[in-house]
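Undergrad: Dropping the structure in here first, questions after.
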Amino acid sequence: MPEIIEINDGETLLARYIPLKKIQKPGLNFYSNNDEFIQFGVWGYDEGKILPAHIHNPIKRTANLTQEALFIQRGKIKAIIYDLSGVKLKEIIVSQGEVIILLKGAHGYEILEDRTQVLEFKNGPYLGAKLDRKRI
């Protein structure tokens with residue numbers, strides 16, 4: 001069974017790749033640590049499961065960087081992971097149904113199949129390309 005892959009720059013976790021076999025598990029499974037700005041989990045329940053209604057309490061949170069998670073809805077991409085100084089470390093093929101979480105460092109993508117569709121989730125607010133990111 002393919003394993004979750006974590007890409008590090010020394011002690012700094014840059015990215016986490018979650019293959020389809022690790023996502024398709026019963027119950028509630030989170031693939032992020034509590035201290036990460038982006039929180040990513042997957043539900044795996046059968047018909048009839050009731051999840052009680054709830055409201056999230058207003059809590060002041062401070063984020064000093066943007067983290068993102070990509071879910072490949074259709075197709076395939078190559079995620080290129082760079083270290084904190086912009087040196088390329090690893091390329092990972094992420095296929096339909098799989099997830100990659102980008103936490104630190106730099107990253108780029110190559111679309112590998114026509115009609116690829118990716119859902120991207122990241123913390124906000126977004127301040128625009130000029131303030132929010134730097135090309136390497």
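In the structure tokens, chains take letters A, B, ... by order of appearance, with residues numbered from 1 within each chain and ligands from 1 in the order shown.
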Going by DSSP on the backbone, which residues of chain A come out as strand (DSSP E or B)? List them as a PyMOL selection string.
TA: chain A and resi 5-9+12-18+27-30+41-44+68-74+76-82+88-95+99-102+106-111+117-122
Undergrad: Include C-alpha atoms and write out the residues we just selected as a PDB file, in the first residue's frame.
TA:
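selection-v1.pdb, freshly written:
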ATOM      1  CA  ILE A   5       5.127  10.954   1.886  1.00  0.00           C
ATOM      2  CA  GLU A   6       6.450  13.931   3.836  1.00  0.00           C
ATOM      3  CA  ILE A   7       9.017  16.226   2.188  1.00  0.00           C
ATOM      4  CA  ASN A   8      11.323  18.044   4.596  1.00  0.00           C
ATOM      5  CA  ASP A   9      13.996  20.727   4.479  1.00  0.00           C
ATOM      6  CA  THR A  12      10.972  21.872   8.426  1.00  0.00           C
ATOM      7  CA  LEU A  13       8.040  19.987   6.920  1.00  0.00           C
ATOM      8  CA  LEU A  14       7.400  21.402   3.425  1.00  0.00           C
ATOM      9  CA  ALA A  15       4.690  19.138   1.980  1.00  0.00           C
ATOM     10  CA  ARG A  16       2.646  16.010   2.633  1.00  0.00           C
ATOM     11  CA  TYR A  17       1.365  13.714  -0.150  1.00  0.00           C
ATOM     12  CA  ILE A  18      -1.598  11.475   0.673  1.00  0.00           C
ATOM     13  CA  GLY A  27     -14.215   7.207  10.028  1.00  0.00           C
ATOM     14  CA  LEU A  28     -12.852  10.707  10.396  1.00  0.00           C
ATOM     15  CA  ASN A  29      -9.189  10.988   9.491  1.00  0.00           C
ATOM     16  CA  PHE A  30      -7.144  14.184   9.619  1.00  0.00           C
ATOM     17  CA  GLY A  41      -9.446  15.724   6.956  1.00  0.00           C
ATOM     18  CA  VAL A  42     -11.549  13.125   5.162  1.00  0.00           C
ATOM     19  CA  TRP A  43     -14.861  11.601   6.191  1.00  0.00           C
ATOM     20  CA  GLY A  44     -15.505   7.914   5.493  1.00  0.00           C
ATOM     21  CA  GLU A  68      -2.690  25.062   0.708  1.00  0.00           C
ATOM     22  CA  ALA A  69      -4.139  21.639   0.012  1.00  0.00           C
ATOM     23  CA  LEU A  70      -4.875  20.303  -3.468  1.00  0.00           C
ATOM     24  CA  PHE A  71      -7.406  17.549  -4.166  1.00  0.00           C
ATOM     25  CA  ILE A  72      -7.149  16.107  -7.669  1.00  0.00           C
ATOM     26  CA  GLN A  73     -10.766  15.736  -8.726  1.00  0.00           C
ATOM     27  CA  ARG A  74      -9.914  14.574 -12.249  1.00  0.00           C
ATOM     28  CA  LYS A  76      -3.095  14.087 -12.868  1.00  0.00           C
ATOM     29  CA  ILE A  77      -0.473  16.675 -11.943  1.00  0.00           C
ATOM     30  CA  LYS A  78       3.208  16.740 -11.124  1.00  0.00           C
ATOM     31  CA  ALA A  79       3.909  18.731  -7.959  1.00  0.00           C
ATOM     32  CA  ILE A  80       7.438  20.121  -7.786  1.00  0.00           C
ATOM     33  CA  ILE A  81       8.586  20.833  -4.217  1.00  0.00           C
ATOM     34  CA  TYR A  82      11.376  23.311  -3.435  1.00  0.00           C
ATOM     35  CA  LYS A  88      14.154  21.808  -6.143  1.00  0.00           C
ATOM     36  CA  LEU A  89      13.899  18.788  -3.823  1.00  0.00           C
ATOM     37  CA  LYS A  90      11.287  16.395  -5.180  1.00  0.00           C
ATOM     38  CA  GLU A  91       8.663  15.787  -7.828  1.00  0.00           C
ATOM     39  CA  ILE A  92       5.510  13.872  -6.921  1.00  0.00           C
ATOM     40  CA  ILE A  93       2.813  12.638  -9.299  1.00  0.00           C
ATOM     41  CA  VAL A  94      -0.598  13.313  -7.739  1.00  0.00           C
ATOM     42  CA  SER A  95      -3.484  11.456  -9.399  1.00  0.00           C
ATOM     43  CA  VAL A  99      -4.167  15.033  -2.055  1.00  0.00           C
ATOM     44  CA  ILE A 100      -1.033  17.067  -1.558  1.00  0.00           C
ATOM     45  CA  ILE A 101      -0.690  19.604   1.254  1.00  0.00           C
ATOM     46  CA  LEU A 102       1.849  22.418   0.763  1.00  0.00           C
ATOM     47  CA  ALA A 106       8.036  26.791  -2.726  1.00  0.00           C
ATOM     48  CA  HIS A 107       6.037  24.669  -5.142  1.00  0.00           C
ATOM     49  CA  GLY A 108       5.047  24.532  -8.795  1.00  0.00           C
ATOM     50  CA  TYR A 109       2.868  22.267 -10.874  1.00  0.00           C
ATOM     51  CA  GLU A 110       2.738  20.629 -14.280  1.00  0.00           C
ATOM     52  CA  ILE A 111      -0.613  19.398 -15.604  1.00  0.00           C
ATOM     53  CA  GLN A 117      -9.456  19.512 -12.466  1.00  0.00           C
ATOM     54  CA  VAL A 118      -7.965  20.410  -9.091  1.00  0.00           C
ATOM     55  CA  LEU A 119      -9.716  21.716  -5.992  1.00  0.00           C
ATOM     56  CA  GLU A 120      -7.420  24.092  -4.075  1.00  0.00           C
ATOM     57  CA  PHE A 121      -7.987  25.080  -0.461  1.00  0.00           C
ATOM     58  CA  LYS A 122      -5.887  27.620   1.418  1.00  0.00           C
TER      59      LYS A 122
END
Undergrad: Set the distance at 9 Å and use only C-alpha atoms: which residues neighbour region 63-67 of chain A once local chain neighbours fewer than 6 positions away are removed? I'd like the list as a list in words.
TA: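 Once the adjacent positions are removed, what remains is Glu36, Phe37, Ile38, Ile101, Leu102, Leu103, Lys104, Phe121, Lys122, Asn123, Gly124, Tyr126, Asp132 and Arg133 of chain A.
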Undergrad: Store the residues picked out above in a file with all heavy atoms, as a short mmCIF file (atom, residue, chain, number, x, y, z; two decimals), in the first residue's frame.
TA:
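Result file result_8.cif:
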data_model
loop_
_atom_site.label_atom_id
_atom_site.label_comp_id
_atom_site.auth_asym_id
_atom_site.auth_seq_id
_atom_site.Cartn_x
_atom_site.Cartn_y
_atom_site.Cartn_z
N GLU A 36 -0.76 23.34 12.19
CA GLU A 36 -0.69 23.81 10.80
C GLU A 36 -1.89 24.70 10.49
O GLU A 36 -3.00 24.47 10.97
CB GLU A 36 -0.64 22.60 9.86
CG GLU A 36 0.65 21.81 10.03
CD GLU A 36 0.65 20.44 9.36
OE1 GLU A 36 -0.38 20.04 8.77
OE2 GLU A 36 1.68 19.78 9.46
N PHE A 37 -1.66 25.72 9.68
CA PHE A 37 -2.72 26.68 9.36
C PHE A 37 -3.83 26.04 8.53
O PHE A 37 -5.00 26.35 8.70
CB PHE A 37 -2.16 27.89 8.62
CG PHE A 37 -1.13 28.65 9.42
CD1 PHE A 37 0.10 28.96 8.87
CD2 PHE A 37 -1.39 29.06 10.72
CE1 PHE A 37 1.05 29.65 9.59
CE2 PHE A 37 -0.44 29.75 11.45
CZ PHE A 37 0.78 30.05 10.88
N ILE A 38 -3.46 25.16 7.61
CA ILE A 38 -4.46 24.46 6.82
C ILE A 38 -4.75 23.14 7.52
O ILE A 38 -3.83 22.42 7.91
CB ILE A 38 -4.01 24.24 5.35
CG1 ILE A 38 -5.13 23.71 4.48
CG2 ILE A 38 -2.83 23.31 5.23
CD1 ILE A 38 -5.89 24.77 3.77
N ILE A 101 -0.59 18.43 0.38
CA ILE A 101 -0.69 19.60 1.25
C ILE A 101 0.65 20.32 1.21
O ILE A 101 1.70 19.71 1.44
CB ILE A 101 -1.03 19.19 2.70
CG1 ILE A 101 -2.35 18.40 2.73
CG2 ILE A 101 -1.12 20.42 3.60
CD1 ILE A 101 -2.65 17.76 4.06
N LEU A 102 0.64 21.61 0.87
CA LEU A 102 1.85 22.42 0.76
C LEU A 102 1.91 23.34 1.97
O LEU A 102 1.04 24.19 2.16
CB LEU A 102 1.85 23.24 -0.52
CG LEU A 102 1.88 22.46 -1.84
CD1 LEU A 102 2.96 21.42 -1.88
CD2 LEU A 102 0.57 21.94 -2.28
N LEU A 103 2.94 23.16 2.79
CA LEU A 103 3.01 23.86 4.07
C LEU A 103 4.03 24.99 4.08
O LEU A 103 3.74 26.07 4.58
CB LEU A 103 3.34 22.85 5.18
CG LEU A 103 2.30 21.74 5.33
CD1 LEU A 103 2.83 20.61 6.19
CD2 LEU A 103 1.02 22.30 5.89
N LYS A 104 5.22 24.75 3.55
CA LYS A 104 6.28 25.76 3.53
C LYS A 104 7.13 25.55 2.30
O LYS A 104 6.96 24.59 1.57
CB LYS A 104 7.13 25.68 4.80
CG LYS A 104 6.39 26.08 6.05
CD LYS A 104 7.30 26.14 7.25
CE LYS A 104 6.49 26.59 8.46
NZ LYS A 104 7.28 26.52 9.69
N PHE A 121 -7.53 24.48 -1.71
CA PHE A 121 -7.99 25.08 -0.46
C PHE A 121 -6.79 25.72 0.22
O PHE A 121 -5.73 25.11 0.33
CB PHE A 121 -8.58 24.01 0.47
CG PHE A 121 -9.69 23.23 -0.17
CD1 PHE A 121 -9.41 22.08 -0.89
CD2 PHE A 121 -11.00 23.65 -0.06
CE1 PHE A 121 -10.42 21.35 -1.48
CE2 PHE A 121 -12.02 22.92 -0.66
CZ PHE A 121 -11.74 21.78 -1.36
N LYS A 122 -6.96 26.96 0.68
CA LYS A 122 -5.89 27.62 1.42
C LYS A 122 -6.48 28.59 2.42
O LYS A 122 -7.63 28.99 2.31
CB LYS A 122 -4.90 28.32 0.48
CG LYS A 122 -5.50 29.41 -0.39
CD LYS A 122 -4.46 29.93 -1.36
CE LYS A 122 -5.08 30.88 -2.35
NZ LYS A 122 -4.14 31.28 -3.38
N ASN A 123 -5.65 28.95 3.39
CA ASN A 123 -6.12 29.91 4.38
C ASN A 123 -6.09 31.31 3.78
O ASN A 123 -5.34 31.60 2.87
CB ASN A 123 -5.29 29.82 5.66
CG ASN A 123 -3.81 29.99 5.45
OD1 ASN A 123 -3.22 29.30 4.62
ND2 ASN A 123 -3.19 30.89 6.19
N GLY A 124 -6.94 32.16 4.26
CA GLY A 124 -7.03 33.52 3.78
C GLY A 124 -6.91 34.48 4.95
O GLY A 124 -6.60 34.05 6.07
N TYR A 126 -6.88 36.41 1.14
CA TYR A 126 -5.92 36.56 0.05
C TYR A 126 -5.68 38.04 -0.18
O TYR A 126 -6.62 38.81 -0.37
CB TYR A 126 -6.48 35.89 -1.21
CG TYR A 126 -5.56 35.96 -2.40
CD1 TYR A 126 -4.32 35.35 -2.37
CD2 TYR A 126 -5.94 36.63 -3.55
CE1 TYR A 126 -3.47 35.40 -3.46
CE2 TYR A 126 -5.10 36.69 -4.65
CZ TYR A 126 -3.86 36.07 -4.60
OH TYR A 126 -3.03 36.13 -5.69
N ASP A 132 1.02 38.50 -1.73
CA ASP A 132 0.82 37.16 -1.19
C ASP A 132 1.86 36.13 -1.63
O ASP A 132 1.97 35.08 -1.01
CB ASP A 132 -0.59 36.68 -1.55
CG ASP A 132 -1.22 35.88 -0.45
OD1 ASP A 132 -1.36 36.40 0.66
OD2 ASP A 132 -1.56 34.70 -0.70
N ARG A 133 2.59 36.39 -2.71
CA ARG A 133 3.54 35.37 -3.19
C ARG A 133 4.71 36.02 -3.91
O ARG A 133 4.64 37.17 -4.33
CB ARG A 133 2.87 34.34 -4.07
CG ARG A 133 2.37 34.91 -5.37
CD ARG A 133 1.75 33.84 -6.22
NE ARG A 133 1.27 34.45 -7.46
CZ ARG A 133 0.14 34.16 -8.03
NH1 ARG A 133 -0.64 33.25 -7.50
NH2 ARG A 133 -0.21 34.75 -9.13
#
Undergrad: When distances are computed from only C-alpha atoms, which of A:Gly10, A:Asp83, A:Asp35, A:Ile4 shows the smallest separation from Arg61 (chain A)?
TA: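 Of A:Gly10, A:Asp83, A:Asp35, A:Ile4, the one nearest Arg61 (chain A) is A:Asp35, counting only C-alpha atoms.
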Undergrad: Please measure the separation of CA of Glu11 (chain A) and CA of Arg135 (chain A), giving the value in Å to one decimal.
TA: 23.8 Å
Undergrad: In Å, how far is it from CA of Gln24 (chain A) to CA of Ile55 (chain A)?
TA: 26.9 Å
Undergrad: Can you check which residues of chain A DSSP gives as helix (DSSP H, G or I) on the backbone and send them as a PyMOL selection string?
TA: chain A and resi 20-23+129-132
Undergrad: Convert the current residue selection to file output with N, CA and C atoms, as a compact mmCIF listing (two decimals), in the first residue's frame.
TA:
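The result, written out as part-v3.txt:
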# COMPACT_ATOMS: atom_id res chain seq x y z
N LEU A 20 -4.28 7.78 -2.63
CA LEU A 20 -5.69 7.40 -2.57
C LEU A 20 -5.96 6.31 -1.54
N LYS A 21 -5.12 5.30 -1.45
CA LYS A 21 -5.35 4.19 -0.51
C LYS A 21 -5.34 4.65 0.94
N LYS A 22 -4.62 5.73 1.24
CA LYS A 22 -4.60 6.26 2.61
C LYS A 22 -5.80 7.16 2.88
N ILE A 23 -6.41 7.68 1.82
CA ILE A 23 -7.59 8.55 1.98
C ILE A 23 -8.85 7.71 2.19
N ALA A 129 -1.74 38.85 -5.62
CA ALA A 129 -0.50 38.18 -6.04
C ALA A 129 0.74 38.98 -5.64
N LYS A 130 0.68 40.29 -5.71
CA LYS A 130 1.87 41.11 -5.42
C LYS A 130 2.32 40.96 -3.97
N LEU A 131 1.39 40.93 -3.03
CA LEU A 131 1.73 40.82 -1.61
C LEU A 131 1.82 39.38 -1.12
N ASP A 132 1.02 38.50 -1.73
CA ASP A 132 0.82 37.16 -1.19
C ASP A 132 1.86 36.13 -1.63
Undergrad: Nearest residue to Glu113 (chain A) out of A:Gly97, A:Gly75, A:Lys49, A:Lys134, using only C-alpha atoms?
TA: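 So, comparing all the options, the nearest one is A:Gly75.
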